[in-house]
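S.K.: One file: final_22.cif (mmCIF, C-alpha atoms).
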```cif
data_work
loop_
_atom_site.label_atom_id
_atom_site.label_comp_id
_atom_site.auth_asym_id
_atom_site.auth_seq_id
_atom_site.Cartn_x
_atom_site.Cartn_y
_atom_site.Cartn_z
CA MET A 1 4.74 12.91 7.14
CA ALA A 2 7.88 14.96 6.97
CA GLY A 3 11.59 14.60 6.47
CA PRO A 4 13.48 11.43 7.30
CA ARG A 5 10.46 9.18 7.06
CA ASP A 6 10.33 10.10 3.36
CA GLU A 7 13.53 8.14 2.79
CA ILE A 8 11.87 4.99 4.08
CA GLU A 9 8.73 5.75 2.05
CA GLY A 10 10.96 6.19 -1.02
CA LEU A 11 12.53 2.81 -0.38
CA ILE A 12 9.08 1.23 -0.02
CA ALA A 13 8.05 2.82 -3.33
CA LEU A 14 11.14 1.35 -5.06
CA MET A 15 10.43 -2.08 -3.61
CA ALA A 16 6.78 -1.85 -4.66
CA ARG A 17 7.89 -1.65 -8.29
CA LEU A 18 9.21 -5.21 -8.16
CA PRO A 19 6.97 -7.82 -9.77
CA GLY A 20 5.05 -9.77 -7.15
CA LEU A 21 5.26 -7.01 -4.54
CA GLY A 22 2.52 -4.44 -4.06
CA PRO A 23 2.60 -1.38 -1.77
CA ARG A 24 1.47 -3.47 1.19
CA SER A 25 3.95 -6.31 0.80
CA ALA A 26 6.73 -3.82 -0.05
CA ARG A 27 6.10 -2.12 3.29
CA ARG A 28 6.24 -5.46 5.05
CA ALA A 29 9.48 -6.35 3.25
CA VAL A 30 11.10 -3.01 4.17
CA LEU A 31 10.05 -3.39 7.79
CA HIS A 32 11.48 -6.90 7.76
CA LEU A 33 14.78 -5.45 6.50
CA LEU A 34 14.71 -2.53 8.95
CA ARG A 35 14.64 -5.06 11.77
CA ARG A 36 17.67 -6.84 10.23
CA ARG A 37 19.78 -3.90 9.11
CA GLU A 38 23.15 -5.57 9.69
CA GLY A 39 22.29 -9.12 8.79
CA GLN A 40 20.08 -8.69 5.73
CA MET A 41 19.57 -5.11 4.62
CA ALA A 42 23.24 -4.14 4.22
CA PRO A 43 24.18 -7.43 2.45
CA LEU A 44 21.21 -7.07 0.09
CA ALA A 45 22.21 -3.47 -0.69
CA ALA A 46 25.79 -4.55 -1.37
CA ALA A 47 24.77 -7.47 -3.59
CA LEU A 48 22.37 -5.27 -5.59
CA ALA A 49 25.00 -2.54 -6.03
CA HIS A 50 27.63 -5.07 -7.09
CA VAL A 51 25.42 -6.79 -9.64
CA ALA A 52 24.02 -3.47 -10.94
CA ALA A 53 27.58 -2.25 -11.53
CA SER A 54 29.05 -5.49 -12.91
CA ALA A 55 26.28 -7.07 -14.95
CA ARG A 56 26.09 -6.37 -18.66
CA ASP A 57 24.52 -7.93 -21.73
CA CYS A 58 26.78 -10.60 -23.21
CA PRO A 59 27.93 -9.16 -26.56
CA ILE A 60 27.82 -12.63 -28.12
CA CYS A 61 24.49 -14.07 -27.04
CA GLY A 62 22.61 -11.38 -25.10
CA ASN A 63 22.56 -13.32 -21.81
CA ILE A 64 23.36 -11.46 -18.57
CA ALA A 65 27.15 -11.48 -18.16
CA MET A 66 29.15 -10.66 -15.05
CA GLY A 67 32.40 -10.54 -17.04
CA GLU A 68 33.33 -9.69 -20.63
CA SER A 69 31.07 -12.39 -22.04
CA CYS A 70 28.59 -14.60 -20.21
CA GLU A 71 29.67 -17.79 -18.49
CA ILE A 72 28.02 -19.93 -21.16
CA CYS A 73 29.77 -18.21 -24.09
CA SER A 74 33.08 -18.30 -22.21
CA ASP A 75 32.78 -22.01 -21.41
CA PRO A 76 34.65 -23.99 -24.12
CA ALA A 77 32.72 -27.14 -23.21
CA ARG A 78 29.57 -25.49 -24.54
CA ALA A 79 30.92 -25.04 -28.08
CA THR A 80 28.80 -27.98 -29.22
CA GLY A 81 27.79 -26.56 -32.58
CA GLU A 82 24.23 -25.96 -31.29
CA ILE A 83 22.57 -22.62 -30.66
CA CYS A 84 19.27 -22.35 -28.81
CA VAL A 85 17.27 -19.23 -29.67
CA VAL A 86 15.17 -17.85 -26.78
CA GLU A 87 13.02 -14.76 -26.43
CA ASP A 88 14.58 -13.43 -23.23
CA VAL A 89 16.93 -14.20 -20.37
CA ALA A 90 14.12 -15.68 -18.26
CA ASP A 91 13.65 -18.34 -20.95
CA LEU A 92 17.39 -19.00 -21.04
CA TRP A 93 17.35 -19.52 -17.27
CA ALA A 94 14.36 -21.85 -17.63
CA MET A 95 16.24 -23.88 -20.29
CA GLU A 96 19.30 -24.05 -18.03
CA ARG A 97 17.19 -25.32 -15.13
CA GLY A 98 16.20 -28.19 -17.39
CA HIS A 99 19.89 -29.23 -17.62
CA ALA A 100 19.13 -30.79 -21.01
CA PHE A 101 20.78 -28.36 -23.43
CA LYS A 102 24.58 -28.27 -23.54
CA GLY A 103 25.16 -25.75 -26.36
CA ARG A 104 25.06 -21.97 -26.46
CA TYR A 105 22.25 -19.45 -26.73
CA HIS A 106 21.02 -16.50 -28.70
CA VAL A 107 18.74 -14.19 -26.70
CA LEU A 108 16.46 -12.20 -29.00
CA GLY A 109 15.30 -9.76 -26.33
CA GLY A 110 11.80 -9.74 -27.78
CA VAL A 111 9.77 -10.90 -30.75
CA LEU A 112 9.09 -9.40 -34.15
CA SER A 113 6.43 -6.74 -33.89
CA ALA A 114 5.48 -4.29 -36.61
CA LEU A 115 3.42 -2.31 -34.10
CA ASP A 116 6.33 -1.81 -31.69
CA ALA A 117 8.80 -1.35 -34.58
CA VAL A 118 10.78 -4.43 -33.56
CA GLY A 119 12.46 -5.81 -36.67
CA PRO A 120 15.19 -8.40 -37.32
CA GLU A 121 17.93 -5.86 -36.51
CA GLU A 122 16.53 -5.18 -33.03
CA LEU A 123 16.47 -8.92 -32.28
CA GLY A 124 20.05 -9.43 -33.44
CA ILE A 125 19.01 -11.86 -36.17
CA PRO A 126 21.83 -10.75 -38.56
CA ARG A 127 24.24 -11.38 -35.66
CA LEU A 128 22.71 -14.86 -35.20
CA ILE A 129 23.24 -15.61 -38.91
CA ALA A 130 26.85 -14.45 -38.65
CA ARG A 131 27.37 -16.67 -35.60
CA VAL A 132 25.93 -19.69 -37.42
CA ARG A 133 28.45 -19.11 -40.22
CA ASP A 134 31.49 -18.18 -38.09
CA GLU A 135 31.09 -20.71 -35.27
CA GLY A 136 30.33 -23.61 -37.61
CA ILE A 137 26.91 -24.20 -36.08
CA ALA A 138 25.18 -27.42 -37.15
CA GLU A 139 21.79 -26.94 -35.49
CA VAL A 140 19.69 -23.99 -34.37
CA ILE A 141 16.97 -24.91 -31.88
CA LEU A 142 14.13 -22.41 -31.71
CA ALA A 143 12.80 -22.36 -28.13
CA LEU A 144 10.33 -19.54 -28.59
CA ASN A 145 7.06 -19.16 -26.75
CA ALA A 146 4.08 -20.88 -28.35
CA THR A 147 2.34 -17.54 -28.90
CA VAL A 148 1.43 -16.05 -32.28
CA GLU A 149 4.31 -13.55 -32.07
CA GLY A 150 6.75 -16.22 -30.92
CA GLN A 151 5.82 -18.55 -33.77
CA THR A 152 5.90 -15.73 -36.36
CA THR A 153 9.41 -14.89 -35.19
CA ALA A 154 10.39 -18.56 -35.31
CA HIS A 155 9.24 -18.86 -38.92
CA TYR A 156 11.11 -15.68 -39.88
CA ILE A 157 14.34 -17.01 -38.32
CA ALA A 158 13.92 -20.40 -39.97
CA GLU A 159 13.58 -18.71 -43.38
CA ALA A 160 16.50 -16.39 -42.74
CA LEU A 161 18.69 -19.36 -41.87
CA GLU A 162 17.62 -21.37 -44.92
CA GLU A 163 20.55 -20.38 -47.11
CA ALA A 164 23.04 -20.91 -44.23
CA GLY A 165 22.40 -24.64 -44.70
CA VAL A 166 21.93 -25.23 -40.98
CA LYS A 167 19.45 -27.62 -39.41
CA VAL A 168 16.65 -25.64 -37.74
CA THR A 169 14.46 -27.35 -35.15
CA SER A 170 11.98 -26.22 -32.53
CA LEU A 171 10.89 -27.54 -29.15
CA ALA A 172 8.25 -30.23 -29.32
CA GLN A 173 4.72 -29.20 -28.45
CA GLY A 174 2.44 -31.53 -26.53
CA VAL A 175 1.12 -32.56 -23.16
CA PRO A 176 3.36 -31.34 -20.31
CA ILE A 177 4.84 -34.01 -18.04
CA GLY A 178 2.29 -34.58 -15.28
CA GLY A 179 -0.28 -32.59 -17.23
CA GLU A 180 -3.89 -33.60 -17.00
CA LEU A 181 -5.81 -33.56 -20.26
CA ASP A 182 -8.84 -32.13 -18.51
CA TYR A 183 -6.91 -28.95 -17.66
CA LEU A 184 -5.21 -28.46 -21.03
CA ASP A 185 -6.39 -25.91 -23.55
CA ASP A 186 -7.73 -27.09 -26.90
CA GLY A 187 -4.68 -25.89 -28.86
CA THR A 188 -2.30 -28.03 -26.79
CA ILE A 189 -4.46 -31.12 -27.20
CA GLN A 190 -4.67 -30.54 -30.96
CA ALA A 191 -0.89 -30.06 -31.22
CA ALA A 192 -0.23 -33.18 -29.12
CA LEU A 193 -2.57 -35.23 -31.30
CA ARG A 194 -0.99 -33.98 -34.54
CA ALA A 195 2.48 -34.85 -33.21
CA ARG A 196 1.44 -38.26 -31.82
CA ARG A 197 4.09 -40.95 -31.79
CA ALA A 198 4.03 -44.73 -32.10
CA LEU A 199 4.62 -46.47 -28.77
CA MET B 1 26.85 -23.48 -12.42
CA ALA B 2 30.19 -21.86 -11.80
CA GLY B 3 31.67 -18.48 -11.02
CA PRO B 4 29.97 -15.24 -11.89
CA ARG B 5 26.50 -16.70 -12.05
CA ASP B 6 26.85 -17.46 -8.33
CA GLU B 7 26.72 -13.74 -7.60
CA ILE B 8 23.31 -13.50 -9.21
CA GLU B 9 22.19 -16.69 -7.46
CA GLY B 10 23.39 -15.17 -4.18
CA LEU B 11 21.34 -12.06 -4.86
CA ILE B 12 18.28 -14.21 -5.62
CA ALA B 13 18.82 -16.08 -2.34
CA LEU B 14 18.94 -12.78 -0.41
CA MET B 15 15.77 -11.55 -2.12
CA ALA B 16 14.03 -14.87 -1.41
CA ARG B 17 14.42 -14.22 2.34
CA LEU B 18 12.03 -11.27 2.12
CA PRO B 19 8.51 -11.96 3.35
CA GLY B 20 6.11 -12.47 0.46
CA LEU B 21 8.83 -13.57 -1.97
CA GLY B 22 9.72 -17.19 -2.55
CA PRO B 23 12.61 -18.56 -4.66
CA ARG B 24 10.54 -18.29 -7.82
CA SER B 25 9.31 -14.73 -7.34
CA ALA B 26 12.75 -13.66 -6.09
CA ARG B 27 14.24 -14.89 -9.38
CA ARG B 28 11.60 -12.97 -11.31
CA ALA B 29 12.29 -9.83 -9.26
CA VAL B 30 16.06 -10.08 -9.83
CA LEU B 31 15.55 -10.61 -13.55
CA HIS B 32 13.25 -7.56 -13.60
CA LEU B 33 16.02 -5.55 -11.93
CA LEU B 34 18.74 -6.96 -14.22
CA ARG B 35 16.79 -5.57 -17.16
CA ARG B 36 16.63 -2.15 -15.43
CA ARG B 37 20.11 -1.89 -13.97
CA GLU B 38 20.44 1.88 -14.29
CA GLY B 39 16.85 2.90 -13.70
CA GLN B 40 15.82 0.63 -10.85
CA MET B 41 18.54 -1.70 -9.59
CA ALA B 42 21.17 0.93 -8.77
CA PRO B 43 18.64 3.32 -7.12
CA LEU B 44 17.24 0.45 -5.03
CA ALA B 45 20.75 -0.57 -3.96
CA ALA B 46 21.56 3.03 -2.99
CA ALA B 47 18.31 3.51 -1.05
CA LEU B 48 18.82 0.24 0.81
CA ALA B 49 22.43 1.08 1.66
CA HIS B 50 21.49 4.57 2.84
CA VAL B 51 18.64 3.38 5.05
CA ALA B 52 20.66 0.43 6.38
CA ALA B 53 23.43 2.83 7.39
CA SER B 54 21.26 5.65 8.73
CA ALA B 55 18.33 3.93 10.40
CA ARG B 56 18.48 3.23 14.12
CA ASP B 57 16.08 2.46 16.93
CA CYS B 58 14.77 5.67 18.49
CA PRO B 59 16.32 5.73 22.00
CA ILE B 60 13.14 7.32 23.37
CA CYS B 61 10.31 5.25 21.93
CA GLY B 62 11.86 2.38 19.94
CA ASN B 63 10.46 3.51 16.57
CA ILE B 64 12.74 3.45 13.52
CA ALA B 65 14.67 6.73 13.47
CA MET B 66 16.66 8.21 10.59
CA GLY B 67 18.22 10.83 12.89
CA GLU B 68 19.11 10.99 16.60
CA SER B 69 15.53 10.35 17.65
CA CYS B 70 12.53 9.44 15.51
CA GLU B 71 10.48 12.09 13.74
CA ILE B 72 7.59 11.61 16.13
CA CYS B 73 9.67 12.06 19.30
CA SER B 74 11.44 15.06 17.76
CA ASP B 75 8.17 16.74 16.73
CA PRO B 76 7.17 19.21 19.50
CA ALA B 77 3.58 19.20 18.25
CA ARG B 78 3.29 15.59 19.36
CA ALA B 79 4.06 16.31 23.05
CA THR B 80 0.36 15.91 23.84
CA GLY B 81 0.77 14.14 27.14
CA GLU B 82 -0.39 10.87 25.58
CA ILE B 83 1.69 7.76 24.92
CA CYS B 84 0.42 4.91 22.80
CA VAL B 85 2.02 1.53 23.61
CA VAL B 86 2.40 -0.81 20.62
CA GLU B 87 3.99 -4.19 20.19
CA ASP B 88 6.20 -3.38 17.22
CA VAL B 89 6.99 -0.79 14.56
CA ALA B 90 4.49 -2.33 12.12
CA ASP B 91 1.73 -1.55 14.62
CA LEU B 92 3.05 2.01 15.03
CA TRP B 93 2.91 2.45 11.24
CA ALA B 94 -0.63 1.06 11.22
CA MET B 95 -1.67 3.56 13.94
CA GLU B 96 -0.06 6.40 11.98
CA ARG B 97 -1.95 5.40 8.84
CA GLY B 98 -5.12 5.90 10.87
CA HIS B 99 -4.17 9.59 11.38
CA ALA B 100 -6.18 9.53 14.61
CA PHE B 101 -3.50 9.58 17.30
CA LYS B 102 -1.52 12.78 17.77
CA GLY B 103 0.69 11.83 20.74
CA ARG B 104 3.87 9.80 21.02
CA TYR B 105 4.60 6.08 21.16
CA HIS B 106 6.34 3.42 23.13
CA VAL B 107 7.34 0.39 21.04
CA LEU B 108 7.68 -2.71 23.21
CA GLY B 109 9.45 -4.78 20.56
CA GLY B 110 7.57 -7.88 21.66
CA VAL B 111 5.27 -9.18 24.38
CA LEU B 112 5.94 -10.72 27.78
CA SER B 113 6.86 -14.38 27.38
CA ALA B 114 8.25 -16.59 30.10
CA LEU B 115 9.15 -19.23 27.51
CA ASP B 116 11.26 -16.84 25.43
CA ALA B 117 12.65 -15.12 28.56
CA VAL B 118 11.10 -11.78 27.55
CA GLY B 119 10.48 -9.83 30.75
CA PRO B 120 9.57 -6.20 31.53
CA GLU B 121 13.21 -5.09 31.11
CA GLU B 122 13.40 -6.45 27.54
CA LEU B 123 10.23 -4.56 26.61
CA GLY B 124 11.49 -1.29 28.11
CA ILE B 125 8.63 -1.10 30.61
CA PRO B 126 10.79 0.61 33.29
CA ARG B 127 11.71 3.16 30.61
CA LEU B 128 8.02 3.66 29.85
CA ILE B 129 7.30 4.29 33.56
CA ALA B 130 10.15 6.81 33.69
CA ARG B 131 8.78 8.57 30.60
CA VAL B 132 5.30 8.77 32.12
CA ARG B 133 6.82 10.47 35.17
CA ASP B 134 9.36 12.70 33.39
CA GLU B 135 7.23 13.83 30.43
CA GLY B 136 4.14 14.54 32.54
CA ILE B 137 2.04 11.99 30.69
CA ALA B 138 -1.70 12.12 31.41
CA GLU B 139 -2.83 9.04 29.48
CA VAL B 140 -1.26 5.80 28.29
CA ILE B 141 -3.21 4.06 25.53
CA LEU B 142 -2.47 0.36 25.20
CA ALA B 143 -2.79 -0.59 21.52
CA LEU B 144 -1.67 -4.19 21.88
CA ASN B 145 -2.83 -7.07 19.78
CA ALA B 146 -5.94 -8.85 20.99
CA THR B 147 -4.02 -12.07 21.55
CA VAL B 148 -3.50 -13.81 24.88
CA GLU B 149 0.12 -12.60 25.07
CA GLY B 150 -0.83 -9.08 24.03
CA GLN B 151 -3.55 -8.85 26.66
CA THR B 152 -1.32 -10.36 29.36
CA THR B 153 1.28 -7.71 28.56
CA ALA B 154 -1.40 -5.00 28.60
CA HIS B 155 -2.54 -6.05 32.07
CA TYR B 156 1.03 -6.13 33.35
CA ILE B 157 1.66 -2.59 32.05
CA ALA B 158 -1.62 -1.30 33.49
CA GLU B 159 -0.62 -2.66 36.91
CA ALA B 160 2.92 -1.32 36.67
CA LEU B 161 1.52 2.15 35.90
CA GLU B 162 -1.00 2.07 38.73
CA GLU B 163 1.12 3.96 41.21
CA ALA B 164 2.18 6.53 38.61
CA GLY B 165 -1.37 7.86 38.83
CA VAL B 166 -1.77 7.98 35.03
CA LYS B 167 -4.95 7.16 33.14
CA VAL B 168 -4.51 3.84 31.30
CA THR B 169 -6.85 2.97 28.44
CA SER B 170 -6.89 0.43 25.64
CA LEU B 171 -8.28 0.37 22.12
CA ALA B 172 -11.95 -0.50 21.94
CA GLN B 173 -12.80 -4.01 20.79
CA GLY B 174 -15.79 -4.63 18.61
CA VAL B 175 -17.06 -5.06 15.08
CA PRO B 176 -14.63 -3.65 12.47
CA ILE B 177 -15.96 -0.88 10.23
CA GLY B 178 -17.55 -2.64 7.26
CA GLY B 179 -17.32 -5.98 9.08
CA GLU B 180 -20.09 -8.49 8.53
CA LEU B 181 -21.30 -10.31 11.63
CA ASP B 182 -21.49 -13.56 9.71
CA TYR B 183 -17.73 -13.53 9.16
CA LEU B 184 -16.67 -12.48 12.66
CA ASP B 185 -15.30 -14.94 15.20
CA ASP B 186 -17.26 -15.64 18.37
CA GLY B 187 -14.82 -13.76 20.61
CA THR B 188 -15.25 -10.52 18.66
CA ILE B 189 -19.04 -10.77 18.76
CA GLN B 190 -18.94 -11.44 22.51
CA ALA B 191 -16.61 -8.46 23.07
CA ALA B 192 -18.77 -6.19 20.91
CA LEU B 193 -21.89 -7.24 22.80
CA ARG B 194 -20.29 -6.69 26.21
CA ALA B 195 -19.13 -3.22 25.13
CA ARG B 196 -22.47 -2.28 23.53
CA ARG B 197 -23.37 1.40 23.61
CA ALA B 198 -26.64 3.32 23.80
CA LEU B 199 -27.57 4.88 20.47
#
```
Rewrite the structure from the file as structure tokens, please.
M.R.:
Amino acid sequence: MAGPRDEIEGLIALMARLPGLGPRSARRAVLHLLRRREGQMAPLAAALAHVAASARDCPICGNIAMGESCEICSDPARATGEICVVEDVADLWAMERGHAFKGRYHVLGGVLSALDAVGPEELGIPRLIARVRDEGIAEVILALNATVEGQTTAHYIAEALEEAGVKVTSLAQGVPIGGELDYLDDGTIQAALRARRAL
Amino acid sequence: MAGPRDEIEGLIALMARLPGLGPRSARRAVLHLLRRREGQMAPLAAALAHVAASARDCPICGNIAMGESCEICSDPARATGEICVVEDVADLWAMERGHAFKGRYHVLGGVLSALDAVGPEELGIPRLIARVRDEGIAEVILALNATVEGQTTAHYIAEALEEAGVKVTSLAQGVPIGGELDYLDDGTIQAALRARRAL
């Protein structure tokens, strides 16, 4: 097809690059928007343009910031002396949804990987060590994924922080709330058994 | 959460209104875009804004048009004397993907419904009759969905076109290509049997 239709096809192709949308569902989404040009398509375009132009990486923690620094780093109530280290912003959001952690974060933006040439510098680990010293941090909580790379990175950070004299902890591993033993993998059951507690 | 984060939450809420995306996948999509602000988020915002501003309903057939009229109505090669009547733009796109129809369309934008107060005027049926007369149309192909409402609408249009002296046809019903009889509903098998052909 020729000409103007290409613009709509181009939009469908951009939408199809989003996770969870394939070519078929991207077409359906664009058609949905084309039928609601005033009410949904224009507002979505404006919101995307605004966030694309305003969002930046927080220079302190690596979270997404809409201002100079992110809302967590700029909130004085969150200067609790605790830093939670996460792999990426998705994990930070997941922690925030839990409403359990009241301190600040350090977003690594990845994990150590010799293959991909990701070293401590790339993950901002020297910056984390400087923050621990400068902000008078008492505890660093490692909330890294329970994968081999995540745990390797966690051990590296724990060692690097050893001489800073800060308490380093990590999230407990065990049976998820509501989890059924029958559906859990062997590693989780082993970890839960090793970390068993007296009732 | 306060302030700037609300702008991202607002964007997630807008994305979550797209078909095929829920709150969870909308959040994942926004995070994906936040990590690709230059490369994907800004281009998507620009494409959405451009299409939202430029797209309109084709005044002739009701298709989505990026110019004065849609690319099909403005293509002289498609003045074949045939009009295909479809329920909505999604159906027009589906017909076009088939690459089998070379004429023009009439998009009803719905089906007759007494309950929803959708009558012939709302579906542009008088406009269709005028087109048949003015464009010297020889055949009107009804490509409406095989639902009760779709077939009711098809019969109404066939009757309304009776005095225009135009040939009115509808898509054949039968076994889909690659369809297995075992998985077909009874109505399809009955329709395919009634419309059986000599080999």
S.K.: Restricting the calculation to only C-alpha atoms: of B:Gly178, B:Leu34, B:Ala94, B:Leu184, which residue gets closest to Asn63 in chain A?
M.R.: B:Leu34
S.K.: List the residues selected by the PyMOL selection byres ((chain A) within 7 of (chain B)) in the file shown, writing them as a ChimeraX atom specification.
M.R.: /A:4,11,14,18-20,25,29,37,41-42,44-49,52,66
S.K.: Could you list as a list in words every residue that has an atom within 6 Å of (-1.2, 16.6, 20.9), using the file's coordinates and counting all atoms listed in the file?
M.R.: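 Counting all atoms listed in the file, I find these residues within 6 Å of (-1.2, 16.6, 20.9): Arg78, Ala79, Thr80, Lys102 and Gly103 of chain B.
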S.K.: Using the chain letters and numbers from the file, which residues does the PyMOL selection byres ((chain B and resi 153) around 10) grab, as a list in words?
M.R.: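 With the shown file as input, the PyMOL selection byres ((chain B and resi 153) around 10) matches Glu87, Leu108, Gly110, Val111, Leu112, Ser113, Gly119, Pro120, Leu123, Leu142, Leu144, Asn145, Thr147, Val148, Glu149, Gly150, Gln151, Thr152, Ala154, His155, Tyr156, Ile157, Ala158 and Glu159 of chain B.
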S.K.: What gap, in Å, lies between CA of Ile83 in chain A and CA of Ala117 in chain A?
M.R.: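 Taking CA of Ile83 in chain A as the start and CA of Ala117 in chain A as the end point, the length is 25.6 Å.
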S.K.: Taking the file as I've supplied it (selection: the PyMOL selection byres ((chain B and resi 192) around 12)), which residues are included? Please answer as a list in words.
M.R.: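 So the PyMOL selection byres ((chain B and resi 192) around 12), applied here, picks out Ala172, Gln173, Gly174, Val175, Pro176, Gly179, Leu181, Leu184, Asp185, Asp186, Gly187, Thr188, Ile189, Gln190, Ala191, Leu193, Arg194, Ala195, Arg196 and Arg197 of chain B.
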S.K.: Mind checking which residues fall within 6 Å of range 131-141 of chain A, counting all atoms listed in the file, ignoring those fewer than 4 positions away in the same chain, and posting them as a PDB file with C-alpha atoms, in the coordinates of the input?
M.R.:
```pdb
ATOM      1  CA  GLY A  81      27.790 -26.560 -32.580  1.00  0.00           C
ATOM      2  CA  GLU A  82      24.230 -25.960 -31.290  1.00  0.00           C
ATOM      3  CA  ILE A  83      22.570 -22.620 -30.660  1.00  0.00           C
ATOM      4  CA  CYS A  84      19.270 -22.350 -28.810  1.00  0.00           C
ATOM      5  CA  VAL A 166      21.930 -25.230 -40.980  1.00  0.00           C
ATOM      6  CA  LYS A 167      19.450 -27.620 -39.410  1.00  0.00           C
ATOM      7  CA  VAL A 168      16.650 -25.640 -37.740  1.00  0.00           C
ATOM      8  CA  THR A 169      14.460 -27.350 -35.150  1.00  0.00           C
ATOM      9  CA  SER A 170      11.980 -26.220 -32.530  1.00  0.00           C
TER      10      SER A 170
END
```
S.K.: Between CA of Gly98 in chain A and CA of Ile125 in chain A, what distance in Å does the model show, to one decimal?
M.R.: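 It comes out at 25.0 Å.
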S.K.: CA of Cys73 in chain B to CA of Glu121 in chain B: how many Å, to one decimal?
M.R.: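 Straight-line distance from CA of Cys73 in chain B to CA of Glu121 in chain B works out to 21.1 Å.
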S.K.: Please complete range 109-126 of chain A so it has N, CA and C atoms, and hand it over as a PDB file, in the frame of the given file.
M.R.:
```
ATOM      1  N   GLY A 109      15.699 -10.968 -27.047  1.00  0.00           N
ATOM      2  CA  GLY A 109      15.300  -9.760 -26.330  1.00  0.00           C
ATOM      3  C   GLY A 109      13.930  -9.260 -26.743  1.00  0.00           C
ATOM      4  N   GLY A 110      13.146 -10.133 -27.362  1.00  0.00           N
ATOM      5  CA  GLY A 110      11.800  -9.740 -27.780  1.00  0.00           C
ATOM      6  C   GLY A 110      11.343 -10.602 -28.927  1.00  0.00           C
ATOM      7  N   VAL A 111      10.258 -10.210 -29.566  1.00  0.00           N
ATOM      8  CA  VAL A 111       9.770 -10.900 -30.750  1.00  0.00           C
ATOM      9  C   VAL A 111       9.477  -9.861 -31.810  1.00  0.00           C
ATOM     10  N   LEU A 112       9.414 -10.305 -33.051  1.00  0.00           N
ATOM     11  CA  LEU A 112       9.090  -9.400 -34.150  1.00  0.00           C
ATOM     12  C   LEU A 112       7.739  -8.745 -33.896  1.00  0.00           C
ATOM     13  N   SER A 113       7.692  -7.442 -34.083  1.00  0.00           N
ATOM     14  CA  SER A 113       6.430  -6.740 -33.890  1.00  0.00           C
ATOM     15  C   SER A 113       6.418  -5.483 -34.728  1.00  0.00           C
ATOM     16  N   ALA A 114       5.572  -5.468 -35.747  1.00  0.00           N
ATOM     17  CA  ALA A 114       5.480  -4.290 -36.610  1.00  0.00           C
ATOM     18  C   ALA A 114       4.960  -3.098 -35.811  1.00  0.00           C
ATOM     19  N   LEU A 115       4.007  -3.383 -34.899  1.00  0.00           N
ATOM     20  CA  LEU A 115       3.420  -2.310 -34.100  1.00  0.00           C
ATOM     21  C   LEU A 115       4.455  -1.600 -33.237  1.00  0.00           C
ATOM     22  N   ASP A 116       5.334  -2.393 -32.582  1.00  0.00           N
ATOM     23  CA  ASP A 116       6.330  -1.810 -31.690  1.00  0.00           C
ATOM     24  C   ASP A 116       7.643  -1.526 -32.433  1.00  0.00           C
ATOM     25  N   ALA A 117       7.623  -1.619 -33.770  1.00  0.00           N
ATOM     26  CA  ALA A 117       8.800  -1.350 -34.580  1.00  0.00           C
ATOM     27  C   ALA A 117       9.989  -2.210 -34.165  1.00  0.00           C
ATOM     28  N   VAL A 118       9.704  -3.486 -33.855  1.00  0.00           N
ATOM     29  CA  VAL A 118      10.780  -4.430 -33.560  1.00  0.00           C
ATOM     30  C   VAL A 118      10.995  -5.283 -34.800  1.00  0.00           C
ATOM     31  N   GLY A 119      12.124  -5.051 -35.476  1.00  0.00           N
ATOM     32  CA  GLY A 119      12.460  -5.810 -36.670  1.00  0.00           C
ATOM     33  C   GLY A 119      13.613  -6.744 -36.410  1.00  0.00           C
ATOM     34  N   PRO A 120      14.082  -7.448 -37.455  1.00  0.00           N
ATOM     35  CA  PRO A 120      15.190  -8.400 -37.320  1.00  0.00           C
ATOM     36  C   PRO A 120      16.441  -7.786 -36.699  1.00  0.00           C
ATOM     37  N   GLU A 121      16.740  -6.521 -37.047  1.00  0.00           N
ATOM     38  CA  GLU A 121      17.930  -5.860 -36.510  1.00  0.00           C
ATOM     39  C   GLU A 121      17.870  -5.784 -34.981  1.00  0.00           C
ATOM     40  N   GLU A 122      16.700  -5.354 -34.478  1.00  0.00           N
ATOM     41  CA  GLU A 122      16.530  -5.180 -33.030  1.00  0.00           C
ATOM     42  C   GLU A 122      16.716  -6.511 -32.294  1.00  0.00           C
ATOM     43  N   LEU A 123      16.377  -7.611 -32.938  1.00  0.00           N
ATOM     44  CA  LEU A 123      16.470  -8.920 -32.280  1.00  0.00           C
ATOM     45  C   LEU A 123      17.826  -9.571 -32.523  1.00  0.00           C
ATOM     46  N   GLY A 124      18.708  -8.868 -33.221  1.00  0.00           N
ATOM     47  CA  GLY A 124      20.050  -9.430 -33.440  1.00  0.00           C
ATOM     48  C   GLY A 124      20.049 -10.618 -34.387  1.00  0.00           C
ATOM     49  N   ILE A 125      19.068 -10.690 -35.287  1.00  0.00           N
ATOM     50  CA  ILE A 125      19.010 -11.860 -36.170  1.00  0.00           C
ATOM     51  C   ILE A 125      20.183 -11.882 -37.168  1.00  0.00           C
ATOM     52  N   PRO A 126      20.625 -10.712 -37.733  1.00  0.00           N
ATOM     53  CA  PRO A 126      21.830 -10.750 -38.560  1.00  0.00           C
ATOM     54  C   PRO A 126      23.044 -11.275 -37.791  1.00  0.00           C
TER      55      PRO A 126
END
```
